file protein-v4.pdb (PDB, C-alpha atoms and all ligand atoms)
ATOM      1  CA  MET A  27       0.000   0.000   0.000  1.00  0.00           C
ATOM      2  CA  LYS A  28       1.098   3.578  -0.620  1.00  0.00           C
ATOM      3  CA  LYS A  29       2.452   5.227   2.511  1.00  0.00           C
ATOM      4  CA  THR A  30       2.101   8.996   2.357  1.00  0.00           C
ATOM      5  CA  PRO A  31       5.243  10.776   3.553  1.00  0.00           C
ATOM      6  CA  VAL A  32       4.473  13.055   6.507  1.00  0.00           C
ATOM      7  CA  ALA A  33       6.467  15.647   8.459  1.00  0.00           C
ATOM      8  CA  VAL A  34       5.606  16.211  12.125  1.00  0.00           C
ATOM      9  CA  LEU A  35       6.450  19.508  13.847  1.00  0.00           C
ATOM     10  CA  VAL A  36       6.936  19.493  17.631  1.00  0.00           C
ATOM     11  CA  SER A  37       8.142  21.855  20.342  1.00  0.00           C
ATOM     12  CA  GLY A  38       7.981  19.702  23.453  1.00  0.00           C
ATOM     13  CA  ASN A  39       7.210  16.312  24.907  1.00  0.00           C
ATOM     14  CA  GLY A  40       5.866  14.836  21.699  1.00  0.00           C
ATOM     15  CA  SER A  41       3.335  12.409  23.141  1.00  0.00           C
ATOM     16  CA  ASN A  42       1.089  13.071  20.146  1.00  0.00           C
ATOM     17  CA  LEU A  43       4.057  12.412  17.880  1.00  0.00           C
ATOM     18  CA  GLN A  44       4.495   9.112  19.759  1.00  0.00           C
ATOM     19  CA  ALA A  45       0.855   8.216  19.096  1.00  0.00           C
ATOM     20  CA  LEU A  46       1.472   8.827  15.386  1.00  0.00           C
ATOM     21  CA  ILE A  47       4.724   6.827  15.439  1.00  0.00           C
ATOM     22  CA  ASP A  48       2.913   3.943  17.150  1.00  0.00           C
ATOM     23  CA  ALA A  49       0.081   4.063  14.614  1.00  0.00           C
ATOM     24  CA  CYS A  50       2.607   3.835  11.767  1.00  0.00           C
ATOM     25  CA  ILE A  51       3.699   0.411  13.008  1.00  0.00           C
ATOM     26  CA  ALA A  52       0.493  -1.115  11.658  1.00  0.00           C
ATOM     27  CA  PRO A  53       1.132  -2.370   8.112  1.00  0.00           C
ATOM     28  CA  ASP A  54      -2.183  -0.940   6.895  1.00  0.00           C
ATOM     29  CA  TYR A  55      -1.599   2.547   8.325  1.00  0.00           C
ATOM     30  CA  PRO A  56      -1.120   4.717   5.218  1.00  0.00           C
ATOM     31  CA  VAL A  57       1.612   6.981   6.593  1.00  0.00           C
ATOM     32  CA  LYS A  58       5.378   7.064   6.834  1.00  0.00           C
ATOM     33  CA  ILE A  59       6.772   9.806   9.050  1.00  0.00           C
ATOM     34  CA  VAL A  60       9.798  10.959   7.091  1.00  0.00           C
ATOM     35  CA  LEU A  61      10.883  13.912   9.212  1.00  0.00           C
ATOM     36  CA  VAL A  62      10.348  15.421  12.658  1.00  0.00           C
ATOM     37  CA  ILE A  63      11.237  19.089  13.028  1.00  0.00           C
ATOM     38  CA  SER A  64      11.485  21.039  16.255  1.00  0.00           C
ATOM     39  CA  ASN A  65      12.103  24.713  16.909  1.00  0.00           C
ATOM     40  CA  LYS A  66      13.637  23.658  20.246  1.00  0.00           C
ATOM     41  CA  GLU A  67      16.735  21.506  20.390  1.00  0.00           C
ATOM     42  CA  ASP A  68      15.792  20.064  23.794  1.00  0.00           C
ATOM     43  CA  ALA A  69      12.303  18.913  22.751  1.00  0.00           C
ATOM     44  CA  TYR A  70      11.770  15.366  24.025  1.00  0.00           C
ATOM     45  CA  GLY A  71       9.858  14.666  20.839  1.00  0.00           C
ATOM     46  CA  LEU A  72      13.186  14.671  18.972  1.00  0.00           C
ATOM     47  CA  LYS A  73      14.370  11.779  21.135  1.00  0.00           C
ATOM     48  CA  ARG A  74      11.184   9.853  20.424  1.00  0.00           C
ATOM     49  CA  ALA A  75      11.705  10.362  16.689  1.00  0.00           C
ATOM     50  CA  ALA A  76      15.362   9.373  16.791  1.00  0.00           C
ATOM     51  CA  GLU A  77      14.497   6.231  18.734  1.00  0.00           C
ATOM     52  CA  ALA A  78      12.001   5.336  16.038  1.00  0.00           C
ATOM     53  CA  GLY A  79      14.667   5.840  13.368  1.00  0.00           C
ATOM     54  CA  ILE A  80      13.026   8.951  11.935  1.00  0.00           C
ATOM     55  CA  ALA A  81      15.117  11.808  10.550  1.00  0.00           C
ATOM     56  CA  ILE A  82      15.145  14.820  12.860  1.00  0.00           C
ATOM     57  CA  GLN A  83      15.934  18.451  12.284  1.00  0.00           C
ATOM     58  CA  VAL A  84      16.194  21.412  14.649  1.00  0.00           C
ATOM     59  CA  ILE A  85      15.239  24.766  13.162  1.00  0.00           C
ATOM     60  CA  ARG A  86      15.539  27.314  15.950  1.00  0.00           C
ATOM     61  CA  HIS A  87      13.217  30.257  15.490  1.00  0.00           C
ATOM     62  CA  LYS A  88      15.721  32.366  17.399  1.00  0.00           C
ATOM     63  CA  ASP A  89      18.217  31.955  14.550  1.00  0.00           C
ATOM     64  CA  PHE A  90      16.007  33.841  12.112  1.00  0.00           C
ATOM     65  CA  PRO A  91      15.351  37.582  11.844  1.00  0.00           C
ATOM     66  CA  ASP A  92      11.579  37.228  11.430  1.00  0.00           C
ATOM     67  CA  ARG A  93       8.713  34.750  11.087  1.00  0.00           C
ATOM     68  CA  GLU A  94       8.894  34.809   7.285  1.00  0.00           C
ATOM     69  CA  ALA A  95      12.523  33.689   7.290  1.00  0.00           C
ATOM     70  CA  PHE A  96      11.855  30.968   9.895  1.00  0.00           C
ATOM     71  CA  ASP A  97       8.844  29.686   7.981  1.00  0.00           C
ATOM     72  CA  ALA A  98      10.806  29.681   4.716  1.00  0.00           C
ATOM     73  CA  ALA A  99      13.398  27.431   6.373  1.00  0.00           C
ATOM     74  CA  LEU A 100      10.645  25.182   7.715  1.00  0.00           C
ATOM     75  CA  HIS A 101       9.059  24.897   4.283  1.00  0.00           C
ATOM     76  CA  ALA A 102      12.383  24.136   2.605  1.00  0.00           C
ATOM     77  CA  ALA A 103      13.155  21.406   5.151  1.00  0.00           C
ATOM     78  CA  ILE A 104       9.729  19.790   4.785  1.00  0.00           C
ATOM     79  CA  VAL A 105      10.009  19.777   0.997  1.00  0.00           C
ATOM     80  CA  ALA A 106      13.590  18.479   1.101  1.00  0.00           C
ATOM     81  CA  GLY A 107      12.436  15.720   3.446  1.00  0.00           C
ATOM     82  CA  GLY A 108       9.925  14.605   0.845  1.00  0.00           C
ATOM     83  CA  ALA A 109       6.836  15.149   3.005  1.00  0.00           C
ATOM     84  CA  GLU A 110       3.454  15.633   1.351  1.00  0.00           C
ATOM     85  CA  LEU A 111       1.506  16.304   4.558  1.00  0.00           C
ATOM     86  CA  VAL A 112       2.343  18.147   7.763  1.00  0.00           C
ATOM     87  CA  CYS A 113       1.126  17.424  11.304  1.00  0.00           C
ATOM     88  CA  LEU A 114       1.533  20.026  14.019  1.00  0.00           C
ATOM     89  CA  ALA A 115       1.891  18.125  17.287  1.00  0.00           C
ATOM     90  CA  GLY A 116       2.403  20.585  20.110  1.00  0.00           C
ATOM     91  CA  PHE A 117       4.242  22.977  17.791  1.00  0.00           C
ATOM     92  CA  MET A 118       4.140  26.240  19.682  1.00  0.00           C
ATOM     93  CA  ARG A 119       4.874  28.767  16.956  1.00  0.00           C
ATOM     94  CA  ILE A 120       2.442  30.966  15.099  1.00  0.00           C
ATOM     95  CA  LEU A 121       2.866  30.296  11.386  1.00  0.00           C
ATOM     96  CA  THR A 122       2.731  32.963   8.686  1.00  0.00           C
ATOM     97  CA  ALA A 123      -0.125  33.110   6.190  1.00  0.00           C
ATOM     98  CA  GLY A 124       2.386  32.494   3.400  1.00  0.00           C
ATOM     99  CA  PHE A 125       3.559  29.237   4.923  1.00  0.00           C
ATOM    100  CA  VAL A 126       0.056  28.100   5.814  1.00  0.00           C
ATOM    101  CA  GLY A 127      -1.106  28.851   2.251  1.00  0.00           C
ATOM    102  CA  LYS A 128       1.555  26.543   0.834  1.00  0.00           C
ATOM    103  CA  TRP A 129       0.162  23.662   2.903  1.00  0.00           C
ATOM    104  CA  GLU A 130      -3.522  24.446   2.579  1.00  0.00           C
ATOM    105  CA  GLY A 131      -5.551  21.268   2.980  1.00  0.00           C
ATOM    106  CA  LYS A 132      -2.360  19.358   3.750  1.00  0.00           C
ATOM    107  CA  MET A 133      -1.583  20.490   7.291  1.00  0.00           C
ATOM    108  CA  ILE A 134      -3.511  19.550  10.422  1.00  0.00           C
ATOM    109  CA  ASN A 135      -3.176  20.489  14.085  1.00  0.00           C
ATOM    110  CA  ILE A 136      -4.332  19.019  17.370  1.00  0.00           C
ATOM    111  CA  HIS A 137      -5.589  21.446  20.008  1.00  0.00           C
ATOM    112  CA  PRO A 138      -6.518  20.605  23.614  1.00  0.00           C
ATOM    113  CA  SER A 139     -10.028  22.043  23.711  1.00  0.00           C
ATOM    114  CA  LEU A 140     -13.339  21.789  21.937  1.00  0.00           C
ATOM    115  CA  LEU A 141     -12.770  24.630  19.496  1.00  0.00           C
ATOM    116  CA  PRO A 142     -13.878  27.326  19.103  1.00  0.00           C
ATOM    117  CA  SER A 143     -13.789  27.375  22.916  1.00  0.00           C
ATOM    118  CA  PHE A 144     -10.485  28.033  24.653  1.00  0.00           C
ATOM    119  CA  LYS A 145      -8.013  28.957  21.929  1.00  0.00           C
ATOM    120  CA  GLY A 146      -4.386  29.568  22.789  1.00  0.00           C
ATOM    121  CA  MET A 147      -2.565  28.258  25.837  1.00  0.00           C
ATOM    122  CA  HIS A 148      -3.958  27.285  29.278  1.00  0.00           C
ATOM    123  CA  THR A 149      -7.025  25.610  27.821  1.00  0.00           C
ATOM    124  CA  HIS A 150      -7.486  23.278  30.799  1.00  0.00           C
ATOM    125  CA  ALA A 151      -7.240  26.086  33.361  1.00  0.00           C
ATOM    126  CA  GLU A 152      -9.826  28.037  31.384  1.00  0.00           C
ATOM    127  CA  ALA A 153     -12.129  25.031  31.196  1.00  0.00           C
ATOM    128  CA  LEU A 154     -11.936  24.637  34.974  1.00  0.00           C
ATOM    129  CA  ALA A 155     -12.356  28.368  35.589  1.00  0.00           C
ATOM    130  CA  THR A 156     -15.446  28.625  33.402  1.00  0.00           C
ATOM    131  CA  GLY A 157     -16.964  25.510  34.903  1.00  0.00           C
ATOM    132  CA  VAL A 158     -17.711  23.632  31.689  1.00  0.00           C
ATOM    133  CA  LYS A 159     -18.663  20.017  32.293  1.00  0.00           C
ATOM    134  CA  ILE A 160     -17.523  18.794  28.896  1.00  0.00           C
ATOM    135  CA  HIS A 161     -14.059  19.623  27.594  1.00  0.00           C
ATOM    136  CA  GLY A 162     -12.006  17.862  24.953  1.00  0.00           C
ATOM    137  CA  CYS A 163      -9.770  18.172  21.931  1.00  0.00           C
ATOM    138  CA  THR A 164      -9.979  19.039  18.267  1.00  0.00           C
ATOM    139  CA  VAL A 165      -8.138  18.130  15.092  1.00  0.00           C
ATOM    140  CA  HIS A 166      -8.483  20.871  12.495  1.00  0.00           C
ATOM    141  CA  PHE A 167      -6.973  21.981   9.210  1.00  0.00           C
ATOM    142  CA  VAL A 168      -4.529  24.806   9.766  1.00  0.00           C
ATOM    143  CA  VAL A 169      -5.458  28.302   8.582  1.00  0.00           C
ATOM    144  CA  PRO A 170      -3.587  31.549   9.257  1.00  0.00           C
ATOM    145  CA  GLU A 171      -5.664  32.408  12.347  1.00  0.00           C
ATOM    146  CA  MET A 172      -4.348  30.506  15.369  1.00  0.00           C
ATOM    147  CA  ASP A 173      -6.407  27.535  16.607  1.00  0.00           C
ATOM    148  CA  SER A 174      -9.035  28.096  13.934  1.00  0.00           C
ATOM    149  CA  GLY A 175      -9.690  26.296  10.696  1.00  0.00           C
ATOM    150  CA  PRO A 176     -12.142  23.690   9.518  1.00  0.00           C
ATOM    151  CA  ILE A 177     -12.747  21.062  12.164  1.00  0.00           C
ATOM    152  CA  VAL A 178     -12.022  17.451  11.229  1.00  0.00           C
ATOM    153  CA  ILE A 179     -12.857  15.571  14.407  1.00  0.00           C
ATOM    154  CA  GLN A 180     -13.408  16.268  18.086  1.00  0.00           C
ATOM    155  CA  ALA A 181     -13.433  14.149  21.215  1.00  0.00           C
ATOM    156  CA  ALA A 182     -15.452  15.233  24.227  1.00  0.00           C
ATOM    157  CA  VAL A 183     -13.999  14.535  27.658  1.00  0.00           C
ATOM    158  CA  PRO A 184     -15.853  14.907  30.952  1.00  0.00           C
ATOM    159  CA  VAL A 185     -14.666  17.431  33.537  1.00  0.00           C
ATOM    160  CA  LEU A 186     -14.864  15.705  36.924  1.00  0.00           C
ATOM    161  CA  PRO A 187     -15.632  17.529  40.180  1.00  0.00           C
ATOM    162  CA  ASP A 188     -12.197  17.039  41.715  1.00  0.00           C
ATOM    163  CA  ASP A 189     -10.212  17.691  38.547  1.00  0.00           C
ATOM    164  CA  THR A 190      -7.022  19.695  38.648  1.00  0.00           C
ATOM    165  CA  GLU A 191      -5.437  21.213  35.567  1.00  0.00           C
ATOM    166  CA  ALA A 192      -3.056  18.228  35.473  1.00  0.00           C
ATOM    167  CA  SER A 193      -5.710  15.525  35.820  1.00  0.00           C
ATOM    168  CA  LEU A 194      -7.881  17.149  33.187  1.00  0.00           C
ATOM    169  CA  ALA A 195      -4.930  17.634  30.832  1.00  0.00           C
ATOM    170  CA  ALA A 196      -4.004  13.962  31.191  1.00  0.00           C
ATOM    171  CA  ARG A 197      -7.558  12.843  30.362  1.00  0.00           C
ATOM    172  CA  VAL A 198      -7.707  15.121  27.320  1.00  0.00           C
ATOM    173  CA  LEU A 199      -4.267  14.002  26.159  1.00  0.00           C
ATOM    174  CA  LYS A 200      -5.449  10.377  26.087  1.00  0.00           C
ATOM    175  CA  ALA A 201      -8.252  11.440  23.784  1.00  0.00           C
ATOM    176  CA  GLU A 202      -5.789  13.392  21.628  1.00  0.00           C
ATOM    177  CA  HIS A 203      -3.772  10.222  21.167  1.00  0.00           C
ATOM    178  CA  GLN A 204      -6.904   8.477  19.914  1.00  0.00           C
ATOM    179  CA  ILE A 205      -8.177  11.017  17.426  1.00  0.00           C
ATOM    180  CA  TYR A 206      -4.949  12.395  15.942  1.00  0.00           C
ATOM    181  CA  PRO A 207      -3.777   9.124  14.360  1.00  0.00           C
ATOM    182  CA  TYR A 208      -7.323   8.559  13.163  1.00  0.00           C
ATOM    183  CA  ALA A 209      -7.526  11.980  11.505  1.00  0.00           C
ATOM    184  CA  LEU A 210      -4.125  11.522   9.862  1.00  0.00           C
ATOM    185  CA  ARG A 211      -5.181   8.137   8.533  1.00  0.00           C
ATOM    186  CA  LEU A 212      -8.209   9.728   6.877  1.00  0.00           C
ATOM    187  CA  LEU A 213      -6.128  12.557   5.409  1.00  0.00           C
ATOM    188  CA  ALA A 214      -3.366  10.296   4.122  1.00  0.00           C
ATOM    189  CA  SER A 215      -5.819   7.889   2.524  1.00  0.00           C
ATOM    190  CA  GLY A 216      -7.635  10.690   0.692  1.00  0.00           C
ATOM    191  CA  LYS A 217     -10.874  10.228   2.640  1.00  0.00           C
ATOM    192  CA  LEU A 218     -10.540  13.653   4.190  1.00  0.00           C
ATOM    193  CA  THR A 219     -10.076  16.703   2.014  1.00  0.00           C
ATOM    194  CA  LEU A 220     -10.543  20.439   2.249  1.00  0.00           C
ATOM    195  CA  LYS A 221     -12.678  21.898  -0.534  1.00  0.00           C
ATOM    196  CA  ASN A 222     -13.519  25.599  -0.662  1.00  0.00           C
ATOM    197  CA  GLY A 223     -12.611  25.972   2.995  1.00  0.00           C
ATOM    198  CA  ARG A 224     -14.894  23.156   4.098  1.00  0.00           C
ATOM    199  CA  VAL A 225     -14.117  19.671   5.294  1.00  0.00           C
ATOM    200  CA  ASN A 226     -15.144  17.113   2.723  1.00  0.00           C
ATOM    201  CA  LYS A 227     -16.016  13.873   4.436  1.00  0.00           C
ATOM    202  CA  GLN A 228     -15.846  10.568   2.705  1.00  0.00           C
ATOM    203  CA  PHE A 229     -16.170   8.656   5.906  1.00  0.00           C
ATOM    204  CA  GLN A 230     -19.285   7.815   7.758  1.00  0.00           C
ATOM    205  CA  ALA A 231     -18.388   4.990  10.059  1.00  0.00           C
ATOM    206  CA  VAL A 232     -17.397   7.272  12.916  1.00  0.00           C
ATOM    207  CA  GLN A 233     -19.025  10.502  13.954  1.00  0.00           C
ATOM    208  CA  GLU A 234     -16.840  13.567  13.839  1.00  0.00           C
ATOM    209  CA  TYR A 235     -17.744  14.317  17.397  1.00  0.00           C
ATOM    210  CA  ILE A 236     -16.851  11.522  19.758  1.00  0.00           C
ATOM    211  CA  LEU A 237     -17.675  11.170  23.404  1.00  0.00           C
ATOM    212  CA  PHE A 238     -14.364   9.979  24.685  1.00  0.00           C
ATOM    213  CA  ASN A 239     -14.221   6.441  25.861  1.00  0.00           C
ATOM    214  CA  PRO A 240     -10.707   5.248  26.670  1.00  0.00           C
ATOM    215  CA  ASP A 241     -11.604   1.808  25.378  1.00  0.00           C
ATOM    216  CA  VAL A 242     -12.561   2.973  21.912  1.00  0.00           C
ATOM    217  CA  ARG A 243     -10.030   2.115  19.220  1.00  0.00           C
ATOM    218  CA  PHE A 244     -10.243   3.615  15.759  1.00  0.00           C
TER     219      PHE A 244
HETATM  220  C1  LIG B   1      -0.994  18.818  23.374  1.00  0.00           C
HETATM  221  O1  LIG B   1      -1.955  18.860  24.401  1.00  0.00           O
HETATM  222  C2  LIG B   1      -1.465  19.586  22.172  1.00  0.00           C
HETATM  223  O2  LIG B   1      -2.833  19.463  21.942  1.00  0.00           O
HETATM  224  C3  LIG B   1      -1.099  20.997  22.566  1.00  0.00           C
HETATM  225  O3  LIG B   1       0.156  20.891  23.170  1.00  0.00           O
HETATM  226  C4  LIG B   1       0.257  19.597  23.776  1.00  0.00           C
HETATM  227  C5  LIG B   1       1.509  18.941  23.267  1.00  0.00           C
HETATM  228  O4  LIG B   1       1.719  17.720  23.924  1.00  0.00           O
HETATM  229  N1  LIG B   1      -1.112  21.883  21.426  1.00  0.00           N
HETATM  230  C6  LIG B   1      -1.503  23.147  21.494  1.00  0.00           C
HETATM  231  O5  LIG B   1      -1.835  23.698  22.518  1.00  0.00           O
HETATM  232  C7  LIG B   1      -1.494  23.874  20.162  1.00  0.00           C
HETATM  233  N2  LIG B   1      -2.322  25.036  20.215  1.00  0.00           N
HETATM  234  P1  LIG B   1       2.695  16.643  23.299  1.00  0.00           P
HETATM  235  O6  LIG B   1       3.998  17.375  22.983  1.00  0.00           O
HETATM  236  O7  LIG B   1       2.879  15.639  24.397  1.00  0.00           O
HETATM  237  O8  LIG B   1       2.071  16.065  22.069  1.00  0.00           O
END
call {"tool": "encode", "arguments": {"input": "protein-v4.pdb", "output": "C-alpha cells"}}
result
Amino acid sequence: MKKTPVAVLVSGNGSNLQALIDACIAPDYPVKIVLVISNKEDAYGLKRAAEAGIAIQVIRHKDFPDREAFDAALHAAIVAGGAELVCLAGFMRILTAGFVGKWEGKMINIHPSLLPSFKGMHTHAEALATGVKIHGCTVHFVVPEMDSGPIVIQAAVPVLPDDTEASLAARVLKAEHQIYPYALRLLASGKLTLKNGRVNKQFQAVQEYILFNPDVRF
C-alpha cells in the first residue's frame, strides 16, 4: 500500500508524535513519518523520533530575523524531506499566512479544547475556571488564524468535580492520542479533504464528534 510521507512539527514532549509513530507500526496505516522538526533543540519529541529511526531536524526560530525567514526554512526542510503532509503536534509557533497557504488542505493540528472554545494556551485552566462540564480536543486543518480552521474531528472529555489542571490535561491528552492518528489516517488515505474551505467527508463509520471512551479504538 502507498504510505504517504508526513512531516511532524513538535516543540515539546511529543506524546502526540508518539501516538502517530505507534500508529505507523500497523502495516495498513497509510503513513510514513519521514521527518520530525522542532524549533527547540531540547524537545523530548526529537528523542522519540530518533528512537524510532526517523530523521530529525532542529530549526531554531531564534536563529532567524523574522517569522517569514523561519517559515521559509521550515518549508524548505519539509520539501527536502519529501513530506506531502504536515502534522503540528504541540508545535508552539504561530505560522505565517504564506507558509500556511503553501500547505492548505495538507496540514492539520491538534488542540486541547473543543474549538472554538479556549483557543491559545492554558485551555485546561480556562475550562476549569469557566466551569464547563464537557471539555475535549480538536483536530483541524490549519489556517492563518491561530487555533481556527475547519474542524475534522473532536473528542469530548468529561470534567470531573475534583479535577485539577493536570488531571484534566491527562484525560484530554489520552483522547488526543486516539483522534490524531485517526484523523491523519483519513487525510493520508484521501478520505478527508478540504474543498472551498470546508471539510469534505468521505467517511461515515465514525461521527466527527466523539464522546471519549478510553476503550474505543479507531
Ligand atoms: C498537546 O496537548 C497539544 O494538543 C497541545 O500541546 C500539547 C503537546 O503535547 N497543542 C496546542 O496547545 C497547540 N495550540 P505533546 O507534545 O505531548 O504532544
call {"tool": "residues_near_ligand", "arguments": {"input": "protein-v4.pdb", "ligand": "ligand LIG 1 (chain B)", "cutoff": "8 Å", "atoms": "all atoms listed in the file", "output": "PDB file with C-alpha atoms, in the frame of the given file"}}
result
ATOM      1  CA  VAL A  36       6.936  19.493  17.631  1.00  0.00           C
ATOM      2  CA  SER A  37       8.142  21.855  20.342  1.00  0.00           C
ATOM      3  CA  GLY A  38       7.981  19.702  23.453  1.00  0.00           C
ATOM      4  CA  ASN A  39       7.210  16.312  24.907  1.00  0.00           C
ATOM      5  CA  GLY A  40       5.866  14.836  21.699  1.00  0.00           C
ATOM      6  CA  SER A  41       3.335  12.409  23.141  1.00  0.00           C
ATOM      7  CA  ASN A  42       1.089  13.071  20.146  1.00  0.00           C
ATOM      8  CA  LEU A  43       4.057  12.412  17.880  1.00  0.00           C
ATOM      9  CA  GLN A  44       4.495   9.112  19.759  1.00  0.00           C
ATOM     10  CA  GLY A  71       9.858  14.666  20.839  1.00  0.00           C
ATOM     11  CA  LEU A 114       1.533  20.026  14.019  1.00  0.00           C
ATOM     12  CA  ALA A 115       1.891  18.125  17.287  1.00  0.00           C
ATOM     13  CA  GLY A 116       2.403  20.585  20.110  1.00  0.00           C
ATOM     14  CA  PHE A 117       4.242  22.977  17.791  1.00  0.00           C
ATOM     15  CA  MET A 118       4.140  26.240  19.682  1.00  0.00           C
ATOM     16  CA  ASN A 135      -3.176  20.489  14.085  1.00  0.00           C
ATOM     17  CA  ILE A 136      -4.332  19.019  17.370  1.00  0.00           C
ATOM     18  CA  HIS A 137      -5.589  21.446  20.008  1.00  0.00           C
ATOM     19  CA  PRO A 138      -6.518  20.605  23.614  1.00  0.00           C
ATOM     20  CA  SER A 139     -10.028  22.043  23.711  1.00  0.00           C
ATOM     21  CA  LYS A 145      -8.013  28.957  21.929  1.00  0.00           C
ATOM     22  CA  GLY A 146      -4.386  29.568  22.789  1.00  0.00           C
ATOM     23  CA  MET A 147      -2.565  28.258  25.837  1.00  0.00           C
ATOM     24  CA  HIS A 148      -3.958  27.285  29.278  1.00  0.00           C
ATOM     25  CA  THR A 149      -7.025  25.610  27.821  1.00  0.00           C
ATOM     26  CA  CYS A 163      -9.770  18.172  21.931  1.00  0.00           C
ATOM     27  CA  MET A 172      -4.348  30.506  15.369  1.00  0.00           C
ATOM     28  CA  ASP A 173      -6.407  27.535  16.607  1.00  0.00           C
ATOM     29  CA  ALA A 195      -4.930  17.634  30.832  1.00  0.00           C
ATOM     30  CA  VAL A 198      -7.707  15.121  27.320  1.00  0.00           C
ATOM     31  CA  LEU A 199      -4.267  14.002  26.159  1.00  0.00           C
ATOM     32  CA  GLU A 202      -5.789  13.392  21.628  1.00  0.00           C
TER      33      GLU A 202
END
call {"tool": "closest_residue", "arguments": {"input": "protein-v4.pdb", "among": "A:Ile120, A:Ile160, A:Ala75, A:Ile80", "to": "Phe96 of chain A", "atoms": "only C-alpha atoms"}}
result
A:Ile120
call {"tool": "axis_aligned_box", "arguments": {"input": "protein-v4.pdb", "around": "segment 82-85 of chain A", "padding_each_side": "4 Å", "output": "AutoDock Vina command-line options"}}
result
--center_x 15.7 --center_y 19.8 --center_z 13.5 --size_x 9.0 --size_y 17.9 --size_z 10.4
call {"tool": "closest_residue", "arguments": {"input": "protein-v4.pdb", "among": "A:Leu35, A:Phe90, A:Ala109, A:Ala123", "to": "Leu72 of chain A", "atoms": "all atoms listed in the file"}}
result
A:Leu35
call {"tool": "atom_distance", "arguments": {"input": "protein-v4.pdb", "atom1": "atom CA of Ala33 of chain A", "atom2": "atom CA of Ile179 of chain A"}}
result
20.2 Å
call {"tool": "atom_distance", "arguments": {"input": "protein-v4.pdb", "atom1": "atom CA of Pro31 of chain A", "atom2": "atom CA of Ala52 of chain A"}}
result
15.2 Å
call {"tool": "residues_around", "arguments": {"input": "protein-v4.pdb", "residues": "Ala155 of chain A", "least_positions_apart": "5", "cutoff": "12 Å", "atoms": "only C-alpha atoms", "output": "number ranges by chain"}}
result
A: 144, 148-150, 161, 185, 189-191
call {"tool": "atom_distance", "arguments": {"input": "protein-v4.pdb", "atom1": "atom CA of Leu220 of chain A", "atom2": "atom CA of Ile104 of chain A"}}
result
20.4 Å
call {"tool": "resolve_selection", "arguments": {"input": "protein-v4.pdb", "expression": "the PyMOL selection byres (((chain A and resi 175) around 10) and not hetatm)", "output": "ChimeraX atom specification"}}
result
/A:134-135,141-142,165-174,176-178,223-225
call {"tool": "residues_around", "arguments": {"input": "protein-v4.pdb", "residues": "Thr30 of chain A", "least_positions_apart": "3", "cutoff": "9 Å", "atoms": "only C-alpha atoms", "output": "ChimeraX atom specification"}}
result
/A:56-59,109-111,214-215
call {"tool": "closest_residue", "arguments": {"input": "protein-v4.pdb", "among": "A:Asp97, A:Asp68, A:Glu130, A:Asp48", "to": "Val84 of chain A", "atoms": "only C-alpha atoms"}}
result
A:Asp68
call {"tool": "closest_residue", "arguments": {"input": "protein-v4.pdb", "among": "A:Asn226, A:Ser143, A:Ser193, A:Gln180", "to": "Tyr206 of chain A", "atoms": "all atoms listed in the file"}}
result
A:Gln180
call {"tool": "resolve_selection", "arguments": {"input": "protein-v4.pdb", "expression": "the PyMOL selection byres (((chain A and resi 63) around 7) and not hetatm)", "output": "PDB file with C-alpha atoms, in the frame of the given file"}}
result
ATOM      1  CA  VAL A  34       5.606  16.211  12.125  1.00  0.00           C
ATOM      2  CA  LEU A  35       6.450  19.508  13.847  1.00  0.00           C
ATOM      3  CA  VAL A  36       6.936  19.493  17.631  1.00  0.00           C
ATOM      4  CA  LEU A  61      10.883  13.912   9.212  1.00  0.00           C
ATOM      5  CA  VAL A  62      10.348  15.421  12.658  1.00  0.00           C
ATOM      6  CA  SER A  64      11.485  21.039  16.255  1.00  0.00           C
ATOM      7  CA  ASN A  65      12.103  24.713  16.909  1.00  0.00           C
ATOM      8  CA  ILE A  82      15.145  14.820  12.860  1.00  0.00           C
ATOM      9  CA  GLN A  83      15.934  18.451  12.284  1.00  0.00           C
ATOM     10  CA  VAL A  84      16.194  21.412  14.649  1.00  0.00           C
ATOM     11  CA  ILE A  85      15.239  24.766  13.162  1.00  0.00           C
TER      12      ILE A  85
END
call {"tool": "build_atoms", "arguments": {"input": "protein-v4.pdb", "residues": "segment 114-120 of chain A", "atoms": "N, CA, C and O atoms", "output": "PDB file, in the frame of the given file"}}
result
ATOM      1  N   LEU A 114       1.042  19.248  12.887  1.00  0.00           N
ATOM      2  CA  LEU A 114       1.533  20.026  14.019  1.00  0.00           C
ATOM      3  C   LEU A 114       1.153  19.248  15.273  1.00  0.00           C
ATOM      4  O   LEU A 114      -0.020  18.923  15.476  1.00  0.00           O
ATOM      5  N   ALA A 115       2.145  18.937  16.092  1.00  0.00           N
ATOM      6  CA  ALA A 115       1.891  18.125  17.287  1.00  0.00           C
ATOM      7  C   ALA A 115       2.542  18.813  18.484  1.00  0.00           C
ATOM      8  O   ALA A 115       3.666  18.495  18.856  1.00  0.00           O
ATOM      9  N   GLY A 116       1.813  19.801  19.020  1.00  0.00           N
ATOM     10  CA  GLY A 116       2.403  20.585  20.110  1.00  0.00           C
ATOM     11  C   GLY A 116       3.489  21.497  19.580  1.00  0.00           C
ATOM     12  O   GLY A 116       4.504  21.705  20.242  1.00  0.00           O
ATOM     13  N   PHE A 117       3.282  22.042  18.382  1.00  0.00           N
ATOM     14  CA  PHE A 117       4.242  22.977  17.791  1.00  0.00           C
ATOM     15  C   PHE A 117       3.807  24.383  18.178  1.00  0.00           C
ATOM     16  O   PHE A 117       2.767  24.854  17.735  1.00  0.00           O
ATOM     17  N   MET A 118       4.590  25.013  19.036  1.00  0.00           N
ATOM     18  CA  MET A 118       4.140  26.240  19.682  1.00  0.00           C
ATOM     19  C   MET A 118       4.670  27.505  19.009  1.00  0.00           C
ATOM     20  O   MET A 118       5.206  28.392  19.659  1.00  0.00           O
ATOM     21  N   ARG A 119       4.523  27.556  17.687  1.00  0.00           N
ATOM     22  CA  ARG A 119       4.874  28.767  16.956  1.00  0.00           C
ATOM     23  C   ARG A 119       3.698  29.174  16.085  1.00  0.00           C
ATOM     24  O   ARG A 119       3.040  28.311  15.483  1.00  0.00           O
ATOM     25  N   ILE A 120       3.455  30.471  16.027  1.00  0.00           N
ATOM     26  CA  ILE A 120       2.442  30.966  15.099  1.00  0.00           C
ATOM     27  C   ILE A 120       3.060  30.972  13.705  1.00  0.00           C
ATOM     28  O   ILE A 120       4.190  31.431  13.524  1.00  0.00           O
TER      29      ILE A 120
END
